[in-house]
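Student: So here's work38.txt, just compact mmCIF, C-alpha atoms:
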# COMPACT_ATOMS: atom_id res chain seq x y z
CA MET Z 173 -27.35 26.43 -21.69
CA ILE Z 174 -25.03 25.58 -18.84
CA ASN Z 175 -21.92 27.71 -18.75
CA LEU Z 176 -18.81 26.41 -16.98
CA ARG Z 177 -16.36 28.71 -18.71
CA GLU Z 178 -13.23 29.44 -16.60
CA LYS Z 179 -14.23 26.63 -14.22
CA LYS Z 180 -11.69 23.94 -13.40
CA ALA Z 181 -12.86 20.40 -12.85
CA LEU Z 182 -11.24 17.19 -11.64
CA LEU Z 183 -13.02 13.97 -12.57
CA THR Z 184 -12.19 10.47 -11.32
CA GLY Z 185 -13.13 7.27 -13.09
CA ALA Z 186 -12.96 9.14 -16.38
CA SER Z 187 -12.33 6.06 -18.51
CA GLY Z 188 -15.63 4.44 -17.55
CA GLY Z 189 -18.96 4.86 -19.32
CA ILE Z 190 -20.44 7.53 -17.08
CA GLY Z 191 -17.03 9.17 -16.65
CA LYS Z 192 -16.58 9.70 -20.38
CA ALA Z 193 -20.03 11.22 -20.75
CA VAL Z 194 -19.35 13.55 -17.80
CA ALA Z 195 -16.01 14.58 -19.33
CA ARG Z 196 -17.69 15.43 -22.66
CA GLU Z 197 -20.44 17.36 -20.91
CA LEU Z 198 -18.04 19.45 -18.78
CA ILE Z 199 -15.85 20.24 -21.78
CA ALA Z 200 -18.89 21.16 -23.88
CA ALA Z 201 -19.96 23.58 -21.13
CA GLY Z 202 -16.57 25.28 -21.37
CA ALA Z 203 -14.75 23.90 -18.32
CA ASN Z 204 -11.08 22.97 -18.15
CA VAL Z 205 -11.04 19.37 -17.05
CA CYS Z 206 -8.44 17.07 -15.56
CA LEU Z 207 -9.37 13.45 -16.21
CA THR Z 208 -8.08 10.63 -14.06
CA GLY Z 209 -8.46 6.91 -14.36
CA ARG Z 210 -6.55 3.65 -14.56
CA ASN Z 211 -7.04 2.88 -18.25
CA GLU Z 212 -4.36 4.87 -20.03
CA GLU Z 213 -5.41 3.85 -23.53
CA GLU Z 214 -9.02 4.91 -23.00
CA LEU Z 215 -7.97 8.18 -21.39
CA LEU Z 216 -5.62 9.06 -24.24
CA LYS Z 217 -8.40 8.40 -26.74
CA LEU Z 218 -10.74 10.58 -24.75
CA GLN Z 219 -8.18 13.37 -24.51
CA ASN Z 220 -7.67 13.22 -28.26
CA GLU Z 221 -11.37 13.56 -28.78
CA LEU Z 222 -11.81 16.40 -26.29
CA GLY Z 223 -8.86 18.58 -27.23
CA ASP Z 224 -6.83 21.18 -25.39
CA ASN Z 225 -9.14 21.74 -22.45
CA ALA Z 226 -8.65 18.17 -21.23
CA ASP Z 227 -5.62 17.03 -19.25
CA ILE Z 228 -5.15 13.46 -18.14
CA ILE Z 229 -3.47 11.91 -15.12
CA ILE Z 230 -3.20 8.13 -14.94
CA ALA Z 231 -3.81 7.11 -11.34
CA ASP Z 232 -4.95 4.10 -9.36
CA LEU Z 233 -7.05 5.30 -6.44
CA SER Z 234 -6.66 2.01 -4.59
CA ASP Z 235 -3.24 3.31 -3.63
CA HIS Z 236 -4.14 6.18 -1.35
CA ALA Z 237 -0.63 7.60 -1.46
CA ASN Z 238 -1.39 8.45 -5.09
CA ILE Z 239 -4.33 10.62 -4.17
CA ILE Z 240 -2.40 13.47 -2.56
CA SER Z 241 0.04 13.70 -5.47
CA LEU Z 242 -2.79 13.34 -7.98
CA VAL Z 243 -4.64 16.29 -6.48
CA LYS Z 244 -1.46 18.35 -6.28
CA GLU Z 245 -0.71 17.65 -9.94
CA ALA Z 246 -4.26 18.47 -10.99
CA GLU Z 247 -4.21 21.73 -9.02
CA GLU Z 248 -0.97 22.69 -10.74
CA LYS Z 249 -2.25 21.82 -14.20
CA LEU Z 250 -5.57 23.56 -13.74
CA GLY Z 251 -4.57 26.36 -11.38
CA GLY Z 252 -6.97 25.30 -8.62
CA ILE Z 253 -10.01 23.03 -8.57
CA ASP Z 254 -13.56 24.42 -8.58
CA ILE Z 255 -15.39 21.20 -9.32
CA LEU Z 256 -14.62 17.69 -8.08
CA VAL Z 257 -16.56 14.78 -9.51
CA ASN Z 258 -15.97 11.58 -7.54
CA ASN Z 259 -17.05 9.03 -10.07
CA ALA Z 260 -14.57 6.14 -9.68
CA GLY Z 261 -16.27 3.00 -8.49
CA ILE Z 262 -16.11 -0.77 -8.67
CA THR Z 263 -18.33 -3.75 -7.90
CA LYS Z 264 -17.37 -7.14 -6.46
CA ASP Z 265 -20.71 -8.84 -6.10
CA ASN Z 266 -21.45 -11.82 -3.93
CA ILE Z 267 -24.27 -12.89 -1.70
CA PHE Z 268 -23.71 -11.71 1.83
CA LEU Z 269 -23.21 -15.19 3.27
CA ARG Z 270 -20.34 -15.80 0.88
CA MET Z 271 -18.84 -12.34 0.79
CA SER Z 272 -15.15 -12.38 1.66
CA ASP Z 273 -13.42 -9.70 3.69
CA GLU Z 274 -11.43 -8.91 0.58
CA GLU Z 275 -14.52 -8.33 -1.58
CA TRP Z 276 -15.99 -6.16 1.14
CA ASN Z 277 -12.82 -4.16 1.78
CA ASP Z 278 -11.89 -3.61 -1.87
CA VAL Z 279 -15.25 -2.06 -2.70
CA ILE Z 280 -15.36 0.08 0.45
CA ASP Z 281 -11.80 1.18 -0.20
CA ILE Z 282 -12.21 2.32 -3.81
CA ASN Z 283 -15.76 3.62 -3.63
CA LEU Z 284 -15.88 5.18 -0.18
CA ASN Z 285 -12.37 5.68 1.20
CA SER Z 286 -10.99 7.15 -1.99
CA THR Z 287 -13.95 9.55 -2.16
CA PHE Z 288 -13.10 10.70 1.38
CA LYS Z 289 -9.41 11.12 0.55
CA MET Z 290 -9.99 12.90 -2.76
CA THR Z 291 -12.51 15.26 -1.25
CA LYS Z 292 -10.30 16.01 1.74
CA ALA Z 293 -7.37 16.79 -0.52
CA VAL Z 294 -9.41 19.09 -2.75
CA ILE Z 295 -11.59 20.89 -0.24
CA ARG Z 296 -8.81 22.89 1.43
CA GLY Z 297 -8.36 24.91 -1.74
CA MET Z 298 -12.12 25.33 -2.11
CA VAL Z 299 -12.46 26.62 1.45
CA LYS Z 300 -9.66 29.07 0.81
CA ARG Z 301 -11.21 30.33 -2.42
CA ARG Z 302 -14.72 30.21 -0.99
CA TYR Z 303 -16.15 28.35 -3.91
CA GLY Z 304 -16.60 24.72 -4.75
CA ARG Z 305 -18.77 22.01 -6.19
CA ILE Z 306 -18.37 18.45 -4.96
CA ILE Z 307 -20.42 15.96 -6.94
CA ASN Z 308 -20.38 12.34 -5.85
CA ILE Z 309 -21.70 9.63 -8.12
CA THR Z 310 -23.52 7.13 -5.91
CA SER Z 311 -26.18 4.65 -6.97
CA VAL Z 312 -29.82 3.69 -6.66
CA ILE Z 313 -28.41 0.57 -4.97
CA GLY Z 314 -27.15 2.73 -2.09
CA VAL Z 315 -30.72 3.76 -1.38
CA ALA Z 316 -32.79 0.73 -2.37
CA GLY Z 317 -30.27 -2.08 -1.79
CA MET Z 318 -29.75 -5.05 -4.09
CA ALA Z 319 -29.23 -8.72 -3.36
CA GLY Z 320 -25.60 -9.61 -4.00
CA GLN Z 321 -24.34 -6.06 -3.57
CA SER Z 322 -24.15 -5.45 0.16
CA ASN Z 323 -20.61 -4.11 -0.14
CA TYR Z 324 -21.49 -1.80 -3.04
CA SER Z 325 -24.71 -0.55 -1.46
CA ALA Z 326 -22.92 0.11 1.84
CA SER Z 327 -20.26 2.15 0.07
CA LYS Z 328 -22.79 4.18 -1.90
CA ALA Z 329 -25.11 4.82 1.05
CA ALA Z 330 -22.10 5.93 3.08
CA ILE Z 331 -21.16 8.48 0.43
CA ILE Z 332 -24.65 9.97 0.64
CA GLY Z 333 -24.32 10.32 4.42
CA MET Z 334 -20.83 11.79 4.15
CA SER Z 335 -22.05 14.31 1.60
CA LYS Z 336 -24.84 15.54 3.86
CA SER Z 337 -22.46 16.09 6.78
CA LEU Z 338 -19.84 17.79 4.67
CA ALA Z 339 -22.47 19.98 3.02
CA GLN Z 340 -23.38 21.29 6.48
CA GLU Z 341 -19.76 22.03 7.32
CA VAL Z 342 -18.81 23.96 4.19
CA GLY Z 343 -22.05 25.58 3.07
CA SER Z 344 -20.99 28.89 4.59
CA ARG Z 345 -18.01 28.93 2.19
CA SER Z 346 -20.21 28.67 -0.93
CA ILE Z 347 -19.24 25.05 -1.42
CA THR Z 348 -22.04 22.66 -2.31
CA VAL Z 349 -21.86 18.89 -1.90
CA ASN Z 350 -24.34 16.74 -3.75
CA CYS Z 351 -24.83 13.20 -4.99
CA ILE Z 352 -26.18 11.74 -8.16
CA ALA Z 353 -27.69 8.29 -7.85
CA PRO Z 354 -27.94 6.63 -11.26
CA GLY Z 355 -30.14 3.59 -11.76
CA PHE Z 356 -29.22 0.96 -14.35
CA ILE Z 357 -27.04 2.68 -16.92
CA GLU Z 358 -25.57 0.95 -19.97
CA THR Z 359 -21.88 0.80 -19.07
CA ASN Z 360 -19.23 -1.87 -18.57
CA MET Z 361 -20.45 -2.17 -14.99
CA THR Z 362 -23.86 -3.40 -16.10
CA ALA Z 363 -22.69 -5.14 -19.30
CA GLY Z 364 -22.09 -8.34 -17.35
CA LEU Z 365 -25.77 -8.73 -16.41
CA SER Z 366 -27.55 -11.66 -18.03
CA GLU Z 367 -30.35 -10.97 -20.52
CA ALA Z 368 -32.84 -12.54 -18.12
CA ARG Z 369 -31.66 -10.22 -15.35
CA LYS Z 370 -31.92 -7.21 -17.65
CA GLU Z 371 -35.47 -8.20 -18.60
CA GLU Z 372 -36.37 -8.38 -14.97
CA ILE Z 373 -34.79 -5.02 -14.19
CA LEU Z 374 -36.61 -3.44 -17.16
CA LYS Z 375 -39.94 -4.45 -15.62
CA SER Z 376 -39.26 -2.13 -12.71
CA ILE Z 377 -38.10 0.80 -14.87
CA VAL Z 378 -41.02 3.09 -15.60
CA VAL Z 379 -39.57 4.52 -18.82
CA LYS Z 380 -38.86 0.99 -20.11
CA ARG Z 381 -35.22 1.30 -21.05
CA LEU Z 382 -31.84 1.19 -19.38
CA GLY Z 383 -30.27 4.60 -18.88
CA LEU Z 384 -27.50 6.06 -21.00
CA PRO Z 385 -24.40 7.73 -19.58
CA GLU Z 386 -25.72 10.96 -21.13
CA ASP Z 387 -28.83 10.67 -18.97
CA VAL Z 388 -26.52 11.14 -15.99
CA SER Z 389 -23.94 13.62 -17.23
CA GLY Z 390 -26.35 16.53 -17.72
CA ALA Z 391 -27.13 16.52 -14.00
CA VAL Z 392 -23.41 16.73 -13.22
CA SER Z 393 -22.90 19.87 -15.25
CA TYR Z 394 -26.07 21.37 -13.78
CA LEU Z 395 -24.94 20.73 -10.19
CA ALA Z 396 -21.52 22.11 -11.14
CA SER Z 397 -23.02 25.34 -12.46
CA ASP Z 398 -23.81 28.58 -10.67
CA SER Z 399 -27.50 27.90 -11.26
CA ALA Z 400 -27.32 25.13 -8.65
CA SER Z 401 -25.81 27.23 -5.86
CA TYR Z 402 -28.90 26.72 -3.65
CA ILE Z 403 -28.81 22.94 -3.94
CA THR Z 404 -26.65 21.17 -1.35
CA GLY Z 405 -26.70 17.93 0.59
CA GLN Z 406 -29.08 16.47 -1.96
CA THR Z 407 -29.18 13.32 -4.01
CA ILE Z 408 -30.56 13.52 -7.53
CA HIS Z 409 -32.01 10.19 -8.62
CA ILE Z 410 -31.64 9.35 -12.29
CA ASN Z 411 -33.19 5.93 -12.67
CA GLY Z 412 -36.03 6.02 -15.18
CA GLY Z 413 -38.51 5.89 -12.34
CA MET Z 414 -37.41 2.53 -10.94
CA LEU Z 415 -37.25 4.07 -7.49
CA MET Z 416 -39.21 7.15 -6.52
CA ILE Z 417 -38.00 8.97 -3.43
CA MET A 74 5.64 43.05 20.56
CA SER A 75 7.14 40.16 18.61
CA ASP A 76 7.11 39.98 14.86
CA THR A 77 5.11 36.73 14.97
CA LEU A 78 2.44 38.29 17.17
CA GLU A 79 2.02 41.18 14.77
CA LYS A 80 1.63 38.93 11.73
CA VAL A 81 -0.71 36.53 13.54
CA GLN A 82 -2.81 39.46 14.71
CA ALA A 83 -3.08 40.83 11.19
CA ILE A 84 -4.20 37.44 9.83
CA VAL A 85 -6.78 37.00 12.58
CA VAL A 86 -8.14 40.52 12.10
CA GLU A 87 -8.46 39.97 8.37
CA HIS A 88 -10.04 36.50 8.58
CA LEU A 89 -12.41 37.01 11.46
CA GLY A 90 -13.18 40.68 10.96
CA VAL A 91 -12.50 41.49 14.62
CA GLU A 92 -10.87 44.55 16.12
CA ALA A 93 -7.11 44.35 16.59
CA GLU A 94 -7.34 45.17 20.34
CA LYS A 95 -9.31 42.00 20.94
CA VAL A 96 -6.61 39.82 19.41
CA SER A 97 -4.48 39.43 22.55
CA ALA A 98 -2.21 36.45 23.13
CA SER A 99 -4.71 34.93 25.53
CA ALA A 100 -7.70 35.31 23.19
CA SER A 101 -9.34 32.02 22.22
CA PHE A 102 -10.35 31.91 18.55
CA ILE A 103 -13.70 30.30 19.20
CA GLU A 104 -14.70 31.64 22.64
CA ASP A 105 -13.35 35.17 22.47
CA LEU A 106 -13.16 35.95 18.77
CA GLY A 107 -16.31 34.26 17.50
CA ALA A 108 -14.63 31.83 15.13
CA ASP A 109 -16.34 28.59 14.13
CA SER A 110 -14.41 25.35 13.71
CA LEU A 111 -13.95 25.89 9.98
CA ASP A 112 -12.53 29.37 10.69
CA THR A 113 -9.86 27.76 12.84
CA VAL A 114 -8.87 25.49 9.95
CA GLU A 115 -8.68 28.48 7.66
CA LEU A 116 -6.56 30.40 10.15
CA VAL A 117 -4.12 27.50 10.33
CA MET A 118 -3.95 27.45 6.51
CA ALA A 119 -3.27 31.18 6.51
CA PHE A 120 -0.50 30.78 9.12
CA GLU A 121 1.07 28.03 7.00
CA GLU A 122 1.11 30.32 4.03
CA GLU A 123 2.34 33.44 5.82
CA PHE A 124 5.15 31.72 7.67
CA GLY A 125 6.04 29.10 5.03
CA ILE A 126 5.57 26.24 7.47
CA GLU A 127 3.51 23.07 7.64
CA ILE A 128 1.20 22.57 10.57
CA PRO A 129 0.18 18.90 10.84
CA ASP A 130 -3.44 18.10 11.70
CA ASP A 131 -2.70 16.91 15.24
CA ALA A 132 -0.75 20.09 16.03
CA ALA A 133 -3.43 22.22 14.38
CA GLU A 134 -6.06 20.78 16.70
CA SER A 135 -4.17 22.07 19.73
CA ILE A 136 -3.93 25.62 18.40
CA LEU A 137 -6.91 27.16 20.14
CA SER A 138 -5.74 30.65 20.96
CA VAL A 139 -3.62 33.44 19.51
CA GLY A 140 -0.89 32.50 22.02
CA ASP A 141 -1.01 28.81 20.98
CA ALA A 142 -0.47 29.86 17.37
CA ILE A 143 2.44 32.13 18.22
CA SER A 144 4.25 29.55 20.33
CA PHE A 145 3.78 26.85 17.71
CA ILE A 146 5.02 29.09 14.90
CA ASP A 147 8.02 30.27 16.93
CA SER A 148 8.89 26.70 17.86
CA VAL A 149 9.07 25.55 14.23
CA LYS A 150 10.78 28.67 12.94
CA LYS A 151 13.68 28.31 15.36
What is this file in structure tokens?

Tutor:
Amino acid sequence: MINLREKKALLTGASGGIGKAVARELIAAGANVCLTGRNEEELLKLQNELGDNADIIIADLSDHANIISLVKEAEEKLGGIDILVNNAGITKDNIFLRMSDEEWNDVIDINLNSTFKMTKAVIRGMVKRRYGRIINITSVIGVAGMAGQSNYSASKAAIIGMSKSLAQEVGSRSITVNCIAPGFIETNMTAGLSEARKEEILKSIVVKRLGLPEDVSGAVSYLASDSASYITGQTIHINGGMLMI
Amino acid sequence: MSDTLEKVQAIVVEHLGVEAEKVSASASFIEDLGADSLDTVELVMAFEEEFGIEIPDDAAESILSVGDAISFIDSVKK
């Protein structure tokens, strides 16, 4: 049983499918969690469900000025941050030849730049306290690529590279930096896929089903725990065997 | 010996685990005192806390020695 009692966690993208499952998992393991996201209604519902150990902060990460104040507020509410889960992410798919600068920039900005800014804002405190867990949610697409998702795959691959470099810089301070790369998980992000597309994807998934958010969240709490202190700079692939690294 | 020098010395001794005699104004954190680049960031954070000041990133990058730290701190405290 994973024990995160007394640990303080900040989670972005908490109103999404994977975000909610991660929030439930961290709370169940005993952590105090600050949940952020754009969807106030969903976050309030989640907070109601999770009880006193969950705080919420409504924030739009596309406005980077929000990030500094968001982290400050979370640090005040929690009394420091031990665990940061960078989970917020968007897609704006288009084939490369038609991809606009705006589609490219928006995805890079939310997925990659906000991860950099969040992590930079949080890591000072971790360095000072000589403890930290940074967990970045990336994607199988960042490793394998996917037609129509060059912006998304670039952002997710970049997070993996960033994590490896950062892991090398802060390892001596007992801070680990890891990624989780989910495959096709049943969330709003994949709900828009056509049935035909889903059928096709299923053919490549060895366990013959799409993943559930709960298939991902267990790895987050494991990486956040003291049991994972010797794991850093790694990417855990949770994809039902559709890509074997 | 100035008050700033004394406080800076104490912080450096505590953070880097070096002997106080080595922490002269001319001592470079990295070359003379064995700090790594992350240590220098931590030292700057400790100075900010001790002296109640903010040291912006571009100024922090030019603080390479005990003397650099003291002159920066004295310049903002005035």

Student: Would you list which chain A residues are within 10 Å of chain Z using all atoms listed in the file, as an mmCIF file with C-alpha atoms, in the coordinates of the input?

Tutor:
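And here's selection.cif as it stands now:
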data_model
loop_
_atom_site.group_PDB
_atom_site.id
_atom_site.type_symbol
_atom_site.label_atom_id
_atom_site.label_comp_id
_atom_site.auth_asym_id
_atom_site.auth_seq_id
_atom_site.Cartn_x
_atom_site.Cartn_y
_atom_site.Cartn_z
ATOM 1 C CA SER A 110 -14.410 25.350 13.710
ATOM 2 C CA LEU A 111 -13.950 25.890 9.980
ATOM 3 C CA ASP A 112 -12.530 29.370 10.690
ATOM 4 C CA VAL A 114 -8.870 25.490 9.950
ATOM 5 C CA GLU A 115 -8.680 28.480 7.660
ATOM 6 C CA LEU A 116 -6.560 30.400 10.150
ATOM 7 C CA MET A 118 -3.950 27.450 6.510
ATOM 8 C CA ALA A 119 -3.270 31.180 6.510
#

Student: Give me, please, the distance in Å between CA of Ser401 (chain Z) and CA of Gly188 (chain Z), quoted to one decimal.

Tutor: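 Between CA of Ser401 (chain Z) and CA of Gly188 (chain Z) the gap works out to 27.6 Å.
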
Student: Just how far from CA of Lys217 (chain Z) is CA of Gly189 (chain Z), in Å to one decimal?

Tutor: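 These two atoms are separated by 13.4 Å.
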
Student: I want to know what sits within 8 Å of region 76-78 of chain A, based on only C-alpha atoms, with residues of the same chain fewer than 5 positions away left out; could you give that as a PyMOL selection string?

Tutor: chain A and resi 98+143+146-147

Student: Got time to write the residues from that selection, C-alpha atoms, as a PDB file, in the coordinates of the input?

Tutor:
ATOM      1  CA  ALA A  98      -2.210  36.450  23.130  1.00  0.00           C
ATOM      2  CA  ILE A 143       2.440  32.130  18.220  1.00  0.00           C
ATOM      3  CA  ILE A 146       5.020  29.090  14.900  1.00  0.00           C
ATOM      4  CA  ASP A 147       8.020  30.270  16.930  1.00  0.00           C
TER       5      ASP A 147
END

Student: What is the CA of Gly304 (chain Z)-CA of Ile228 (chain Z) distance in Å, reported with one decimal?

Tutor: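 These atoms are spaced 20.9 Å apart.
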
Student: Pick the closest to Leu338 (chain Z) from Z:Glu221, Z:Tyr324, Z:Ile240, Z:Thr404: which is it, counting all atoms listed in the file?

Tutor: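 Among Z:Glu221, Z:Tyr324, Z:Ile240, Z:Thr404, it is Z:Thr404 that comes nearest to Leu338 (chain Z).
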
Student: Ranking Z:Ile267, Z:Ala260, Z:Met361, Z:Met334 by minimum distance to Lys292 (chain Z) and counting only C-alpha atoms, which one comes first?

Tutor: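 Between Z:Ile267, Z:Ala260, Z:Met361, Z:Met334, the residue approaching Lys292 (chain Z) most closely is Z:Met334.
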
Student: Supply region 129-148 of chain A as a compact mmCIF listing (two decimals), in the frame of the given file, with N, CA and C atoms built in where the input has gaps.

Tutor:
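Output (selection37.txt):
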# COMPACT_ATOMS: atom_id res chain seq x y z
N PRO A 129 0.90 20.17 10.97
CA PRO A 129 0.18 18.90 10.84
C PRO A 129 -1.15 18.94 11.58
N ASP A 130 -2.09 18.08 11.13
CA ASP A 130 -3.44 18.10 11.70
C ASP A 130 -3.46 17.98 13.22
N ASP A 131 -2.61 17.09 13.78
CA ASP A 131 -2.70 16.91 15.24
C ASP A 131 -2.20 18.15 15.98
N ALA A 132 -1.21 18.85 15.41
CA ALA A 132 -0.75 20.09 16.03
C ALA A 132 -1.80 21.18 15.85
N ALA A 133 -2.43 21.20 14.67
CA ALA A 133 -3.43 22.22 14.38
C ALA A 133 -4.58 22.16 15.38
N GLU A 134 -4.94 20.93 15.77
CA GLU A 134 -6.06 20.78 16.70
C GLU A 134 -5.77 21.37 18.08
N SER A 135 -4.48 21.52 18.41
CA SER A 135 -4.17 22.07 19.73
C SER A 135 -3.94 23.59 19.69
N ILE A 136 -4.08 24.16 18.50
CA ILE A 136 -3.93 25.62 18.40
C ILE A 136 -5.29 26.26 18.59
N LEU A 137 -5.58 26.67 19.82
CA LEU A 137 -6.91 27.16 20.14
C LEU A 137 -6.95 28.66 20.38
N SER A 138 -5.77 29.22 20.65
CA SER A 138 -5.74 30.65 20.96
C SER A 138 -4.62 31.33 20.17
N VAL A 139 -4.65 32.64 20.19
CA VAL A 139 -3.62 33.44 19.51
C VAL A 139 -2.23 33.04 20.06
N GLY A 140 -2.16 32.88 21.38
CA GLY A 140 -0.89 32.50 22.02
C GLY A 140 -0.42 31.12 21.57
N ASP A 141 -1.37 30.16 21.46
CA ASP A 141 -1.01 28.81 20.98
C ASP A 141 -0.37 28.91 19.60
N ALA A 142 -0.98 29.73 18.75
CA ALA A 142 -0.47 29.86 17.37
C ALA A 142 0.94 30.43 17.39
N ILE A 143 1.13 31.48 18.18
CA ILE A 143 2.44 32.13 18.22
C ILE A 143 3.51 31.17 18.73
N SER A 144 3.20 30.43 19.82
CA SER A 144 4.25 29.55 20.33
C SER A 144 4.53 28.41 19.37
N PHE A 145 3.50 27.90 18.67
CA PHE A 145 3.78 26.85 17.71
C PHE A 145 4.66 27.38 16.56
N ILE A 146 4.28 28.52 16.05
CA ILE A 146 5.02 29.09 14.90
C ILE A 146 6.47 29.38 15.31
N ASP A 147 6.64 29.98 16.48
CA ASP A 147 8.02 30.27 16.93
C ASP A 147 8.82 29.00 17.15
N SER A 148 8.15 27.94 17.61
CA SER A 148 8.89 26.70 17.86
C SER A 148 9.38 26.06 16.56
